[in-house]
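Student: Provided below: query05.txt, containing compact mmCIF, C-alpha atoms.
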# COMPACT_ATOMS: atom_id res chain seq x y z
CA MET A 170 111.79 114.33 -244.31
CA LYS A 171 115.33 113.02 -243.89
CA PHE A 172 115.91 109.25 -244.12
CA VAL A 173 118.62 107.16 -242.45
CA TYR A 174 118.83 103.48 -243.42
CA THR A 175 120.42 100.59 -241.54
CA GLU A 176 120.65 97.05 -242.85
CA LYS A 177 121.27 94.20 -240.41
CA LYS A 178 122.04 90.87 -242.04
CA ALA A 179 119.99 91.98 -245.02
CA ASP A 180 120.82 92.93 -248.59
CA VAL A 181 118.15 95.45 -249.50
CA PRO A 182 117.56 96.56 -253.11
CA ALA A 183 117.31 100.25 -254.03
CA GLU A 184 113.62 99.75 -254.92
CA LEU A 185 112.86 98.96 -251.28
CA HIS A 186 114.54 102.20 -250.15
CA ALA A 187 112.43 104.15 -252.67
CA TYR A 188 109.28 102.32 -251.57
CA ALA A 189 110.02 103.06 -247.89
CA GLU A 190 110.62 106.75 -248.66
CA LYS A 191 107.32 106.95 -250.55
CA LYS A 192 105.30 105.25 -247.78
CA ILE A 193 106.99 106.87 -244.80
CA GLY A 194 107.08 110.24 -246.58
CA LYS A 195 103.27 110.28 -246.45
CA LEU A 196 103.53 110.63 -242.67
CA GLU A 197 105.21 114.01 -243.11
CA ARG A 198 101.83 115.66 -243.59
CA LEU A 199 101.07 114.82 -239.95
CA PHE A 200 104.15 116.62 -238.59
CA ARG A 201 105.22 120.21 -238.14
CA GLY A 202 108.76 121.11 -239.06
CA GLU A 203 111.59 118.87 -240.19
CA SER A 204 111.52 115.23 -239.20
CA THR A 205 113.94 112.33 -239.51
CA ALA A 206 113.02 108.71 -240.24
CA TYR A 207 115.36 105.92 -239.18
CA VAL A 208 114.58 102.70 -241.05
CA THR A 209 116.22 99.41 -240.07
CA PHE A 210 115.89 96.35 -242.30
CA SER A 211 116.84 92.95 -240.91
CA ASN A 212 116.36 89.29 -241.75
CA LYS A 213 115.19 86.96 -239.04
CA GLN A 214 115.26 83.21 -239.22
CA ARG A 215 112.97 81.17 -241.47
CA GLY A 216 112.30 83.89 -244.05
CA ILE A 217 110.84 86.48 -241.69
CA GLU A 218 111.69 90.04 -242.78
CA LYS A 219 111.73 92.71 -240.06
CA VAL A 220 111.43 96.47 -240.54
CA GLU A 221 111.76 98.97 -237.70
CA VAL A 222 110.73 102.57 -238.37
CA THR A 223 111.57 105.36 -235.93
CA VAL A 224 110.44 108.91 -236.71
CA ARG A 225 111.74 111.87 -234.71
CA ASN A 226 109.82 115.13 -234.91
CA ASN A 227 109.55 118.12 -232.59
CA GLY A 228 110.94 116.25 -229.59
CA LEU A 229 108.66 113.23 -229.95
CA ILE A 230 109.68 109.79 -231.13
CA TYR A 231 107.35 107.39 -232.91
CA ARG A 232 108.48 103.78 -233.30
CA ALA A 233 107.03 100.68 -234.93
CA SER A 234 108.58 97.31 -235.63
CA GLU A 235 106.90 94.79 -237.91
CA SER A 236 107.89 91.31 -239.10
CA THR A 237 106.37 89.57 -242.12
CA SER A 238 107.54 87.31 -244.92
CA ASP A 239 108.02 90.31 -247.25
CA MET A 240 110.00 93.53 -246.59
CA PHE A 241 107.48 95.62 -248.56
CA ALA A 242 104.61 94.31 -246.41
CA SER A 243 106.67 94.99 -243.27
CA VAL A 244 107.16 98.63 -244.35
CA ASP A 245 103.40 98.98 -244.94
CA ALA A 246 102.59 97.46 -241.54
CA ALA A 247 105.10 99.69 -239.71
CA VAL A 248 103.71 102.85 -241.35
CA SER A 249 100.16 101.78 -240.45
CA ALA A 250 101.22 101.18 -236.85
CA ILE A 251 102.68 104.69 -236.58
CA GLU A 252 99.53 106.18 -238.13
CA ARG A 253 97.44 104.30 -235.53
CA GLN A 254 99.65 105.61 -232.70
CA ILE A 255 99.20 109.18 -233.91
CA ALA A 256 95.44 108.82 -234.43
CA LYS A 257 94.96 107.18 -231.03
CA ASN A 258 96.79 109.96 -229.23
CA LYS A 259 95.91 112.89 -231.50
CA THR A 260 94.53 115.26 -228.85
CA ARG A 261 97.25 114.45 -226.34
CA LEU A 262 99.93 114.92 -228.98
CA ALA A 263 98.46 118.28 -230.01
CA LYS A 264 98.74 119.43 -226.39
CA ARG A 265 102.29 118.07 -226.16
CA LEU A 266 103.55 119.85 -229.30
CA ARG A 267 103.69 123.25 -227.69
CA GLU A 268 106.43 125.70 -228.59
CA GLY A 269 109.28 126.91 -226.42
CA ALA A 270 110.28 123.78 -224.53
CA VAL A 271 113.89 123.97 -223.36
CA GLU A 272 116.23 121.17 -224.41
CA GLN A 273 118.87 119.93 -222.00
CA GLU A 274 121.24 117.05 -222.47
CA LEU A 275 121.56 114.32 -219.88
CA SER A 276 125.19 113.32 -219.45
CA ALA A 277 126.52 110.07 -218.08
CA PRO A 278 128.30 110.10 -214.69
CA THR A 279 132.06 110.60 -214.92
CA ASP A 280 132.97 108.28 -212.02
CA GLU A 281 134.29 105.06 -213.50
CA PRO A 282 133.84 101.85 -211.51
CA GLU A 283 136.78 99.63 -210.64
CA GLU A 284 138.05 97.44 -213.43
CA ASN A 285 135.72 94.48 -214.23
CA GLU A 286 133.25 95.54 -211.52
CA PHE A 287 130.55 96.60 -214.01
CA ASP A 288 130.23 95.87 -217.69
CA VAL A 289 128.45 98.75 -219.48
CA VAL A 290 127.51 97.43 -222.90
CA ARG A 291 125.66 100.48 -224.23
CA THR A 292 125.46 104.18 -223.45
CA LYS A 293 122.68 106.47 -224.66
CA ARG A 294 122.54 110.24 -224.63
CA PHE A 295 119.30 112.08 -225.20
CA SER A 296 117.73 115.50 -224.76
CA ILE A 297 115.24 115.95 -221.96
CA LYS A 298 112.38 118.39 -222.34
CA PRO A 299 110.16 119.44 -219.46
CA MET A 300 106.82 117.62 -219.54
CA SER A 301 103.96 116.54 -217.36
CA VAL A 302 103.55 113.02 -216.01
CA GLU A 303 100.76 112.36 -218.55
CA GLU A 304 103.01 113.47 -221.42
CA ALA A 305 105.81 111.19 -220.16
CA ILE A 306 103.43 108.20 -220.00
CA LEU A 307 102.24 109.01 -223.53
CA GLN A 308 105.83 109.14 -224.81
CA MET A 309 106.70 105.88 -223.01
CA ASN A 310 103.70 104.16 -224.63
CA LEU A 311 104.58 105.53 -228.08
CA LEU A 312 108.09 104.09 -227.72
CA GLU A 313 106.73 100.85 -226.28
CA HIS A 314 109.24 101.06 -223.42
CA GLU A 315 108.86 99.82 -219.85
CA PHE A 316 110.04 103.12 -218.31
CA PHE A 317 110.72 106.73 -219.31
CA VAL A 318 112.99 109.37 -217.72
CA PHE A 319 111.87 112.99 -217.93
CA LYS A 320 112.15 116.40 -216.32
CA LYS A 321 108.97 117.63 -214.68
CA ASP A 322 107.30 120.86 -215.79
CA SER A 323 107.69 122.20 -212.25
CA GLU A 324 110.28 124.87 -211.63
CA ASP A 325 112.42 122.79 -209.24
CA GLY A 326 113.92 120.93 -212.22
CA ALA A 327 113.59 117.51 -210.60
CA PHE A 328 114.04 114.41 -212.74
CA SER A 329 111.40 111.71 -212.60
CA ILE A 330 110.78 108.23 -213.98
CA VAL A 331 107.44 106.72 -215.01
CA TYR A 332 107.17 102.97 -215.41
CA LYS A 333 104.63 100.27 -216.22
CA ARG A 334 103.55 98.16 -213.26
CA LYS A 335 102.74 94.46 -213.51
CA ASP A 336 99.15 95.17 -212.41
CA GLY A 337 98.62 97.32 -215.53
CA GLY A 338 98.96 100.71 -213.82
CA TYR A 339 101.82 103.18 -213.89
CA GLY A 340 104.38 104.11 -211.27
CA LEU A 341 106.24 107.38 -210.71
CA ILE A 342 109.68 107.78 -209.13
CA GLU A 343 110.68 111.32 -208.21
CA SER A 344 114.08 112.64 -207.17
CA SER A 345 114.50 114.51 -203.90
CA GLU A 346 117.22 116.58 -202.25
CA GLU A 347 117.28 114.51 -199.02
Would you put the structure from the file into structure tokens?
Tutor:
Amino acid sequence: MKFVYTEKKADVPAELHAYAEKKIGKLERLFRGESTAYVTFSNKQRGIEKVEVTVRNNGLIYRASESTSDMFASVDAAVSAIERQIAKNKTRLAKRLREGAVEQELSAPTDEPEENEFDVVRTKRFSIKPMSVEEAILQMNLLEHEFFVFKKDSEDGAFSIVYKRKDGGYGLIESSEE
């Protein structure tokens, strides 16, 4: 497993990096192939230590963010949260980890708005794999996001968006050629 560390307003000792590698490295037994762990350490106000762990493996992303009074305890809690996510969705994840999915990159539009009309503060680029609506909802829940953009398994190559509704259900937005 490859590790990438980020420290935000925190001075983290080398022992904490080693501890995080040991704890997060135990998750590797649950994954096929090479995976990458992104670990972010940050200090919040009033002595609260926050650790965010993001693990990328085989097209899936697992994320957990935990805040406690101790960085070591935050690492333990984040690893436990990821283990719970995997255990909770074990059968769905096994179905999702099929071989041969085609990766395509979503690019941002090239049309630039007039000066000062829009203020884009962040741009993200990510690969989109074909998946079913259920798989997209699973991925959205694993990331703890409010919406998720994906390409449907169907052969028309349409892009869709699933989102969480205020009533607790899920919504689906599909593109059309009209």
Student: I'd like the interatomic distance between CA of Gln308 in chain A and CA of Glu252 in chain A, to a tenth of an Å.
Tutor: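 One can read the CA of Gln308 in chain A to CA of Glu252 in chain A distance as 15.0 Å.
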Student: List as a count of residues only the protein and nucleic acid residues near Leu312 in chain A, meaning an atom at most 8 Å away when only C-alpha atoms are counted, but skip any in the same chain fewer than 3 places from it.
Tutor: 5
Student: Mind giving me the straight-line distance from CA of Arg215 in chain A to CA of Ser236 in chain A in Å, one decimal?
Tutor: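 We find that CA of Arg215 in chain A and CA of Ser236 in chain A lie 11.6 Å from each other.
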Student: If I take CA of Pro299 in chain A and CA of Thr205 in chain A, how far is one from the other in Å, to one decimal?
Tutor: 21.6 Å
Student: Would you pick out the contacts of Leu185 in chain A at 12 Å or less, using only C-alpha atoms, so that residues sharing its chain but fewer than 3 positions from it are not included, and give the list as an MDAnalysis selection string?
Tutor: chainID A and resid 174 176 179:182 188:193 208:210 220 239:245
Student: Could you check the closest approach to Glu313 in chain A for each of A:Ile297, A:Val331, A:Ile255, A:Ala233 and tell me which residue wins, using only C-alpha atoms?
Tutor: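 Among A:Ile297, A:Val331, A:Ile255, A:Ala233, it is A:Ala233 that comes nearest to Glu313 in chain A.
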Student: Could you check which of A:Ser329, A:Lys321, A:Arg294, A:Asn258 is closest to Leu307 in chain A, using all atoms listed in the file?
Tutor: A:Asn258
Student: Take every atom of range 191-205 of chain A listed in the file, fit an axis-aligned box around them, add 8 Å per side, and give the centre and edge lengths in Å to one decimal as lines of an AutoDock Vina configuration file.
Tutor:
center_x = 107.5
center_y = 113.2
center_z = -244.3
size_x = 28.9
size_y = 31.9
size_z = 28.4
Student: Which residue out of A:Gly194, A:Gly337, A:Gly202, A:Gly216 has the minimum interatomic distance to Ser238 in chain A when all atoms listed in the file are used?
Tutor: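 For Ser238 in chain A, the nearest of the given residues is A:Gly216.
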Student: Rank nothing, just name the residue among A:Ala327, A:Val290, A:Leu229, A:Ile342 nearest to Glu304 in chain A, using all atoms listed in the file.
Tutor: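 That would be A:Leu229, the residue with the smallest distance to Glu304 in chain A.
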